[in-house]
file final.csv (CSV, C-alpha atoms)
chain,number,residue,atom,x,y,z
A,1,MET,CA,91.2,76.2,21.0
A,2,ALA,CA,93.9,76.6,18.4
A,3,VAL,CA,96.8,74.2,18.5
A,4,ASP,CA,100.0,75.0,16.7
A,5,ILE,CA,102.0,71.9,15.6
A,6,TRP,CA,105.5,72.4,14.4
A,7,LEU,CA,107.0,69.4,12.6
A,8,LYS,CA,110.7,69.6,12.0
A,9,VAL,CA,112.4,66.8,10.2
A,10,ILE,CA,116.2,67.5,10.0
A,11,ASN,CA,118.7,65.1,8.4
A,12,MET,CA,122.0,66.3,10.0
A,13,GLU,CA,124.4,64.6,7.6
A,14,TRP,CA,127.1,65.7,10.0
A,15,GLY,CA,129.7,63.1,8.9
A,16,ASN,CA,131.8,65.8,7.1
A,17,PHE,CA,132.3,67.9,10.3
A,18,ARG,CA,135.9,68.5,10.9
A,19,SER,CA,137.7,70.3,13.8
A,20,SER,CA,141.2,70.5,15.2
A,21,HIS,CA,139.6,69.7,18.6
A,22,LEU,CA,138.6,66.1,17.5
A,23,PRO,CA,140.8,63.7,19.3
A,24,LEU,CA,142.4,61.9,16.4
A,25,SER,CA,145.0,59.2,16.9
A,26,ASP,CA,147.7,57.8,14.6
A,27,TYR,CA,145.2,55.0,13.7
A,28,ASP,CA,142.6,57.6,12.6
A,29,HIS,CA,145.1,59.5,10.5
A,30,ALA,CA,146.3,56.3,8.8
A,31,LEU,CA,142.7,55.1,8.2
A,32,ASP,CA,141.8,58.5,6.6
A,33,THR,CA,145.0,58.6,4.5
A,34,GLU,CA,144.3,55.1,3.1
A,35,SER,CA,140.6,55.7,2.6
A,36,LEU,CA,138.8,56.4,-0.7
A,37,ASN,CA,138.1,60.0,0.4
A,38,PRO,CA,141.2,61.3,2.3
A,39,GLY,CA,140.5,64.5,4.3
A,40,GLU,CA,136.7,64.1,4.1
A,41,LEU,CA,134.1,62.7,6.5
A,42,ILE,CA,136.5,62.9,9.5
A,43,TYR,CA,133.8,62.9,12.1
A,44,GLU,CA,132.1,59.9,10.4
A,45,LYS,CA,135.3,58.0,10.5
A,46,VAL,CA,135.6,58.1,14.3
A,47,ILE,CA,131.9,57.6,15.4
A,48,THR,CA,130.1,55.3,12.9
A,49,GLY,CA,129.7,51.6,12.5
A,50,ILE,CA,131.5,51.6,9.1
A,51,TYR,CA,134.8,52.4,10.7
A,52,LEU,CA,134.9,51.4,14.5
A,53,GLY,CA,135.7,47.8,13.8
A,54,GLU,CA,138.5,48.8,11.4
A,55,ILE,CA,140.0,51.0,14.1
A,56,VAL,CA,140.1,48.0,16.4
A,57,ARG,CA,141.7,45.9,13.7
A,58,ARG,CA,144.4,48.5,13.1
A,59,VAL,CA,145.3,48.6,16.8
A,60,LEU,CA,145.5,44.8,16.9
A,61,CYS,CA,147.7,44.7,13.8
A,62,ARG,CA,150.1,47.2,15.4
A,63,VAL,CA,150.4,45.4,18.7
A,64,ALA,CA,150.8,42.2,16.8
A,65,GLU,CA,153.7,43.6,14.8
A,66,GLU,CA,155.4,45.6,17.5
A,67,ALA,CA,154.7,43.6,20.7
A,68,ALA,CA,154.1,40.1,19.4
A,69,PHE,CA,150.6,40.2,20.8
A,70,PHE,CA,149.6,37.0,19.0
A,71,GLY,CA,153.0,35.4,19.1
A,72,ASP,CA,156.0,35.4,16.8
A,73,THR,CA,153.9,35.4,13.7
A,74,VAL,CA,151.4,38.1,12.8
A,75,PRO,CA,148.1,36.4,11.6
A,76,PRO,CA,147.7,37.3,7.9
A,77,LYS,CA,144.0,38.1,8.3
A,78,VAL,CA,144.8,40.8,10.9
A,79,LYS,CA,146.4,42.8,8.0
A,80,GLU,CA,143.3,42.7,5.8
A,81,PRO,CA,141.4,46.1,6.0
A,82,PHE,CA,137.8,46.0,7.2
A,83,ILE,CA,137.8,42.3,7.9
A,84,LEU,CA,136.8,43.0,11.5
A,85,GLY,CA,133.4,44.6,11.1
A,86,THR,CA,131.7,46.6,13.8
A,87,PRO,CA,129.0,43.8,14.3
A,88,ILE,CA,131.9,41.5,15.2
A,89,MET,CA,133.4,44.1,17.5
A,90,SER,CA,130.0,44.5,19.2
A,91,ALA,CA,129.7,40.8,19.7
A,92,ILE,CA,133.2,40.7,21.3
A,93,HIS,CA,132.5,43.7,23.5
A,94,GLN,CA,129.2,42.3,24.7
A,95,ASP,CA,130.6,38.9,25.6
A,96,THR,CA,129.8,38.4,29.3
A,97,SER,CA,130.7,34.7,29.6
A,98,PRO,CA,133.2,33.9,32.3
A,99,ASP,CA,135.8,32.6,29.8
A,100,LEU,CA,134.9,35.1,27.0
A,101,LYS,CA,134.1,32.3,24.7
A,102,GLU,CA,132.5,34.6,22.1
A,103,VAL,CA,135.7,36.5,21.9
A,104,ALA,CA,137.7,33.4,21.1
A,105,SER,CA,135.1,32.2,18.6
A,106,ASN,CA,135.1,35.4,16.6
A,107,LEU,CA,138.8,35.7,16.5
A,108,LYS,CA,139.0,32.2,15.3
A,109,ASP,CA,136.3,32.5,12.6
A,110,ILE,CA,137.1,36.0,11.4
A,111,LEU,CA,140.8,36.5,12.0
A,112,GLU,CA,141.8,32.9,12.0
A,113,ILE,CA,143.7,33.3,15.2
A,114,TYR,CA,144.3,30.1,17.2
A,115,PHE,CA,145.6,30.9,20.7
A,116,ASN,CA,148.4,28.7,21.8
A,117,LEU,CA,147.9,26.6,18.6
A,118,CYS,CA,144.7,25.3,20.2
A,119,GLU,CA,142.8,24.3,17.0
A,120,ASN,CA,140.4,21.8,18.6
A,121,PHE,CA,137.8,24.6,19.2
A,122,PRO,CA,135.4,24.9,21.1
A,123,ASP,CA,137.8,23.5,23.7
A,124,ILE,CA,139.5,26.8,24.6
A,125,SER,CA,141.0,25.7,27.9
A,126,ASN,CA,144.5,26.7,26.5
A,127,THR,CA,143.3,30.1,25.4
A,128,SER,CA,144.8,33.1,27.1
A,129,LEU,CA,142.0,34.7,29.1
A,130,LYS,CA,144.2,37.7,29.8
A,131,MET,CA,144.6,38.3,26.0
A,132,ARG,CA,140.8,38.1,25.4
A,133,LYS,CA,140.2,40.6,28.2
A,134,VAL,CA,142.7,43.0,26.5
A,135,ILE,CA,140.8,42.8,23.3
A,136,VAL,CA,137.4,43.4,25.0
A,137,GLU,CA,138.9,46.5,26.7
A,138,LEU,CA,140.2,47.7,23.3
A,139,CYS,CA,136.7,47.4,21.9
A,140,ASN,CA,135.4,49.3,24.9
A,141,ILE,CA,137.8,52.1,24.4
A,142,VAL,CA,137.0,52.6,20.7
A,143,ALA,CA,133.3,52.3,21.2
A,144,THR,CA,133.3,54.7,24.2
A,145,ARG,CA,135.2,57.4,22.3
A,146,GLY,CA,132.8,57.1,19.3
A,147,ALA,CA,129.7,57.3,21.5
A,148,ARG,CA,131.0,60.2,23.6
A,149,LEU,CA,131.9,62.1,20.4
A,150,SER,CA,128.4,61.4,19.0
A,151,ALA,CA,126.8,62.7,22.2
A,152,ALA,CA,129.0,65.8,22.0
A,153,GLY,CA,127.7,66.4,18.5
A,154,VAL,CA,124.1,66.0,19.7
A,155,VAL,CA,124.6,68.5,22.5
A,156,GLY,CA,126.2,71.0,20.1
A,157,ILE,CA,123.0,71.0,18.0
A,158,LEU,CA,120.9,71.3,21.1
A,159,LYS,CA,122.9,74.3,22.2
A,160,LYS,CA,122.5,75.9,18.8
A,161,MET,CA,118.7,75.4,19.0
A,162,GLY,CA,118.5,76.6,22.6
A,163,ARG,CA,117.3,73.2,23.7
A,164,ASP,CA,120.1,72.4,26.2
A,165,THR,CA,118.4,74.3,29.0
A,166,ILE,CA,114.9,74.6,30.5
A,167,LYS,CA,113.7,78.2,30.1
A,168,GLY,CA,110.9,79.9,32.0
A,169,GLY,CA,109.7,76.7,33.6
A,170,GLY,CA,108.8,75.3,30.2
A,171,LYS,CA,109.3,71.6,29.4
A,172,GLN,CA,109.1,71.4,25.7
A,173,LYS,CA,110.2,67.9,24.7
A,174,THR,CA,112.9,67.3,22.1
A,175,VAL,CA,112.9,64.0,20.2
A,176,ILE,CA,116.1,63.0,18.4
A,177,ALA,CA,115.8,60.2,15.8
A,178,MET,CA,118.8,57.9,15.8
A,179,ASP,CA,119.1,56.0,12.5
A,180,GLY,CA,121.2,52.9,11.9
A,181,GLY,CA,122.1,49.5,13.3
A,182,LEU,CA,125.0,50.9,15.4
A,183,TYR,CA,122.7,52.7,17.9
A,184,GLU,CA,120.0,50.1,17.7
A,185,HIS,CA,122.1,46.9,18.2
A,186,TYR,CA,125.3,47.9,19.9
A,187,THR,CA,124.1,48.1,23.5
A,188,GLU,CA,127.3,49.5,25.0
A,189,TYR,CA,127.6,52.2,22.4
A,190,ARG,CA,124.0,53.3,22.9
A,191,GLU,CA,124.1,53.3,26.7
A,192,CYS,CA,127.4,55.3,26.6
A,193,LEU,CA,125.9,57.8,24.2
A,194,GLU,CA,122.8,58.3,26.4
A,195,ASN,CA,124.8,58.5,29.6
A,196,THR,CA,127.2,61.0,28.1
A,197,LEU,CA,124.2,63.1,26.9
A,198,THR,CA,122.9,63.2,30.4
A,199,GLU,CA,126.3,64.0,31.8
A,200,LEU,CA,126.6,67.0,29.4
A,201,VAL,CA,123.1,68.5,29.8
A,202,GLY,CA,122.3,67.4,33.3
A,203,GLU,CA,119.6,65.2,34.7
A,204,GLU,CA,116.8,67.7,34.5
A,205,VAL,CA,117.2,68.6,30.9
A,206,SER,CA,117.9,64.9,29.9
A,207,ARG,CA,114.4,64.0,31.1
A,208,ILE,CA,112.8,66.1,28.3
A,209,ILE,CA,115.2,64.7,25.6
A,210,GLU,CA,114.2,61.5,24.0
A,211,LEU,CA,116.5,59.5,21.7
A,212,SER,CA,114.3,57.4,19.4
A,213,ILE,CA,115.2,54.7,16.8
A,214,GLN,CA,111.8,54.7,15.0
A,215,MET,CA,110.8,58.3,15.2
A,216,MET,CA,112.4,59.2,11.9
A,217,VAL,CA,110.3,56.7,10.1
A,218,LEU,CA,107.1,57.8,11.8
A,219,ALA,CA,107.9,61.5,11.1
A,220,LEU,CA,108.4,60.8,7.4
A,221,GLU,CA,105.2,58.8,7.2
A,222,LEU,CA,103.3,61.6,8.9
A,223,LEU,CA,104.9,64.1,6.5
A,224,PHE,CA,103.8,62.2,3.4
A,225,LEU,CA,100.3,61.9,4.9
A,226,LEU,CA,100.2,65.7,5.5
A,227,LEU,CA,101.3,66.7,2.0
A,228,PRO,CA,98.2,65.7,0.1
A,229,ILE,CA,96.0,67.1,2.9
A,230,ARG,CA,97.7,70.5,2.7
A,231,SER,CA,97.3,70.5,-1.1
A,232,ILE,CA,93.5,69.8,-0.7
A,233,LEU,CA,93.1,72.5,1.9
A,234,LYS,CA,94.9,75.1,-0.2
A,235,ARG,CA,92.6,74.3,-3.1
A,236,MET,CA,89.5,74.7,-0.9
A,237,SER,CA,90.5,78.0,0.6
A,238,PRO,CA,88.9,81.2,-0.7
A,239,GLU,CA,92.2,82.6,-2.0
A,240,SER,CA,92.5,79.6,-4.3
A,241,SER,CA,90.0,81.1,-6.7
A,242,LYS,CA,92.1,84.2,-7.0
A,243,LYS,CA,95.5,82.8,-7.1
A,244,PRO,CA,96.9,80.0,-9.2
A,245,VAL,CA,97.5,76.8,-7.3
A,246,MET,CA,101.2,76.1,-7.0
A,247,PRO,CA,102.5,72.6,-6.7
A,248,PHE,CA,103.8,71.7,-3.2
A,249,PHE,CA,107.1,69.8,-3.1
call {"tool": "encode", "arguments": {"input": "final.csv", "output": "structure tokens"}}
result
Amino acid sequence: MAVDIWLKVINMEWGNFRSSHLPLSDYDHALDTESLNPGELIYEKVITGIYLGEIVRRVLCRVAEEAAFFGDTVPPKVKEPFILGTPIMSAIHQDTSPDLKEVASNLKDILEIYFNLCENFPDISNTSLKMRKVIVELCNIVATRGARLSAAGVVGILKKMGRDTIKGGGKQKTVIAMDGGLYEHYTEYRECLENTLTELVGEEVSRIIELSIQMMVLALELLFLLLPIRSILKRMSPESSKKPVMPFF
């Protein structure tokens, strides 16, 4: 029985995708303008872990300046670009404690924000729970947009490859390797991406699509194992005595 194995390792590098249909806000435009590469990597700037926390910081800075969100004085740290990293955003977003203690802790440690001048942390009884809930919701909005846009990109590739439907009763499995700490560690982002993918392709198709964190590593390891084997087989073939052996890259 002959078995055909097709191994496809594709590095999308889709960060530089740009379209007028991308839902860019004033914060996105400002971030892009002030970045080291204005006009480039627009898609990357709205979906990746490098920038999500910075978008949250920019929103907080604006509401602090225009709506006195943190009081009469804008905390100086809120004005510092990229001080609020996406890992901190993730920790804030994933805080499920009744009083959102993790939110207060991170804002104190990273942004040096003391709610109601309550500096005797961890006693946060004077902290505004309503304010902390607003910040969690802000993280949810930014993460949800990024995850849904990522899922839309995945579905676009599936459509291009004809893998967004089940044809002729076939159930060929598609494995998508997701690389990076954002998908691996940001639970809400990952779950939103997966749910959006199911929403866009449907339950039936989603069952034959697997999002994997480690598959890329395994595929590359397999590829490097196969390279010397292929070279040996080519040298052993009858045609090898008639044709010069070409290096395989």
call {"tool": "residues_around", "arguments": {"input": "final.csv", "residues": "A:Glu54", "least_positions_apart": "5", "cutoff": "10 Å", "atoms": "only C-alpha atoms", "output": "list in words"}}
result
Tyr27, Asp28, Leu31, Lys45, Gly49, Val59, Leu60, Glu80, Pro81, Phe82, Ile83, Leu84, Gly85, Thr86 and Met89 of chain A
call {"tool": "write_last_selection", "arguments": {"input": "final.csv", "atoms": "C-alpha atoms", "output": "mmCIF file, in the frame of the given file"}}
result
data_model
loop_
_atom_site.group_PDB
_atom_site.id
_atom_site.type_symbol
_atom_site.label_atom_id
_atom_site.label_comp_id
_atom_site.auth_asym_id
_atom_site.auth_seq_id
_atom_site.Cartn_x
_atom_site.Cartn_y
_atom_site.Cartn_z
ATOM 1 C CA TYR A 27 145.200 55.000 13.700
ATOM 2 C CA ASP A 28 142.600 57.600 12.600
ATOM 3 C CA LEU A 31 142.700 55.100 8.200
ATOM 4 C CA LYS A 45 135.300 58.000 10.500
ATOM 5 C CA GLY A 49 129.700 51.600 12.500
ATOM 6 C CA VAL A 59 145.300 48.600 16.800
ATOM 7 C CA LEU A 60 145.500 44.800 16.900
ATOM 8 C CA GLU A 80 143.300 42.700 5.800
ATOM 9 C CA PRO A 81 141.400 46.100 6.000
ATOM 10 C CA PHE A 82 137.800 46.000 7.200
ATOM 11 C CA ILE A 83 137.800 42.300 7.900
ATOM 12 C CA LEU A 84 136.800 43.000 11.500
ATOM 13 C CA GLY A 85 133.400 44.600 11.100
ATOM 14 C CA THR A 86 131.700 46.600 13.800
ATOM 15 C CA MET A 89 133.400 44.100 17.500
#
call {"tool": "closest_atom_pairs", "arguments": {"input": "final.csv", "of": "stretch 66-160 of chain A", "to": "stretch 181-203 of chain A", "cutoff": "10 Å", "atoms": "only C-alpha atoms", "output": "Markdown table"}}
result
| residue | atom | partner | partner_atom | distance |
| --- | --- | --- | --- | --- |
| A:Thr86 | CA | A:Leu182 | CA | 8.1 |
| A:Pro87 | CA | A:Tyr186 | CA | 7.9 |
| A:Met89 | CA | A:Tyr186 | CA | 9.3 |
| A:Ser90 | CA | A:Tyr186 | CA | 5.8 |
| A:Ala91 | CA | A:Tyr186 | CA | 8.4 |
| A:His93 | CA | A:Glu188 | CA | 7.9 |
| A:Gln94 | CA | A:Glu188 | CA | 7.5 |
| A:Asn140 | CA | A:Glu188 | CA | 8.1 |
| A:Val142 | CA | A:Tyr189 | CA | 9.6 |
| A:Ala143 | CA | A:Tyr189 | CA | 5.8 |
| A:Thr144 | CA | A:Cys192 | CA | 6.4 |
| A:Arg145 | CA | A:Cys192 | CA | 9.2 |
| A:Gly146 | CA | A:Tyr189 | CA | 7.8 |
| A:Ala147 | CA | A:Leu193 | CA | 4.7 |
| A:Arg148 | CA | A:Leu193 | CA | 5.7 |
| A:Leu149 | CA | A:Leu193 | CA | 8.3 |
| A:Ser150 | CA | A:Leu193 | CA | 6.8 |
| A:Ala151 | CA | A:Leu193 | CA | 5.4 |
| A:Ala152 | CA | A:Leu197 | CA | 7.4 |
| A:Gly153 | CA | A:Leu197 | CA | 9.7 |
| A:Val154 | CA | A:Leu197 | CA | 7.8 |
| A:Val155 | CA | A:Leu197 | CA | 7.0 |
| A:Leu158 | CA | A:Val201 | CA | 9.4 |
| A:Lys159 | CA | A:Val201 | CA | 9.6 |
call {"tool": "atom_distance", "arguments": {"input": "final.csv", "atom1": "atom CA of A:Asp109", "atom2": "atom CA of A:Cys61"}}
result
16.7 Å
call {"tool": "atom_distance", "arguments": {"input": "final.csv", "atom1": "atom CA of A:Leu22", "atom2": "atom CA of A:Val63"}}
result
23.9 Å
call {"tool": "closest_residue", "arguments": {"input": "final.csv", "among": "A:Gly39, A:Met178, A:Ile92, A:Ser105", "to": "A:Val136", "atoms": "all atoms listed in the file"}}
result
A:Ile92
call {"tool": "closest_residue", "arguments": {"input": "final.csv", "among": "A:Ser128, A:Lys167, A:Glu112, A:Gly180", "to": "A:Glu204", "atoms": "all atoms listed in the file"}}
result
A:Lys167
call {"tool": "atom_distance", "arguments": {"input": "final.csv", "atom1": "atom CA of A:Tyr43", "atom2": "atom CA of A:Arg58"}}
result
17.9 Å
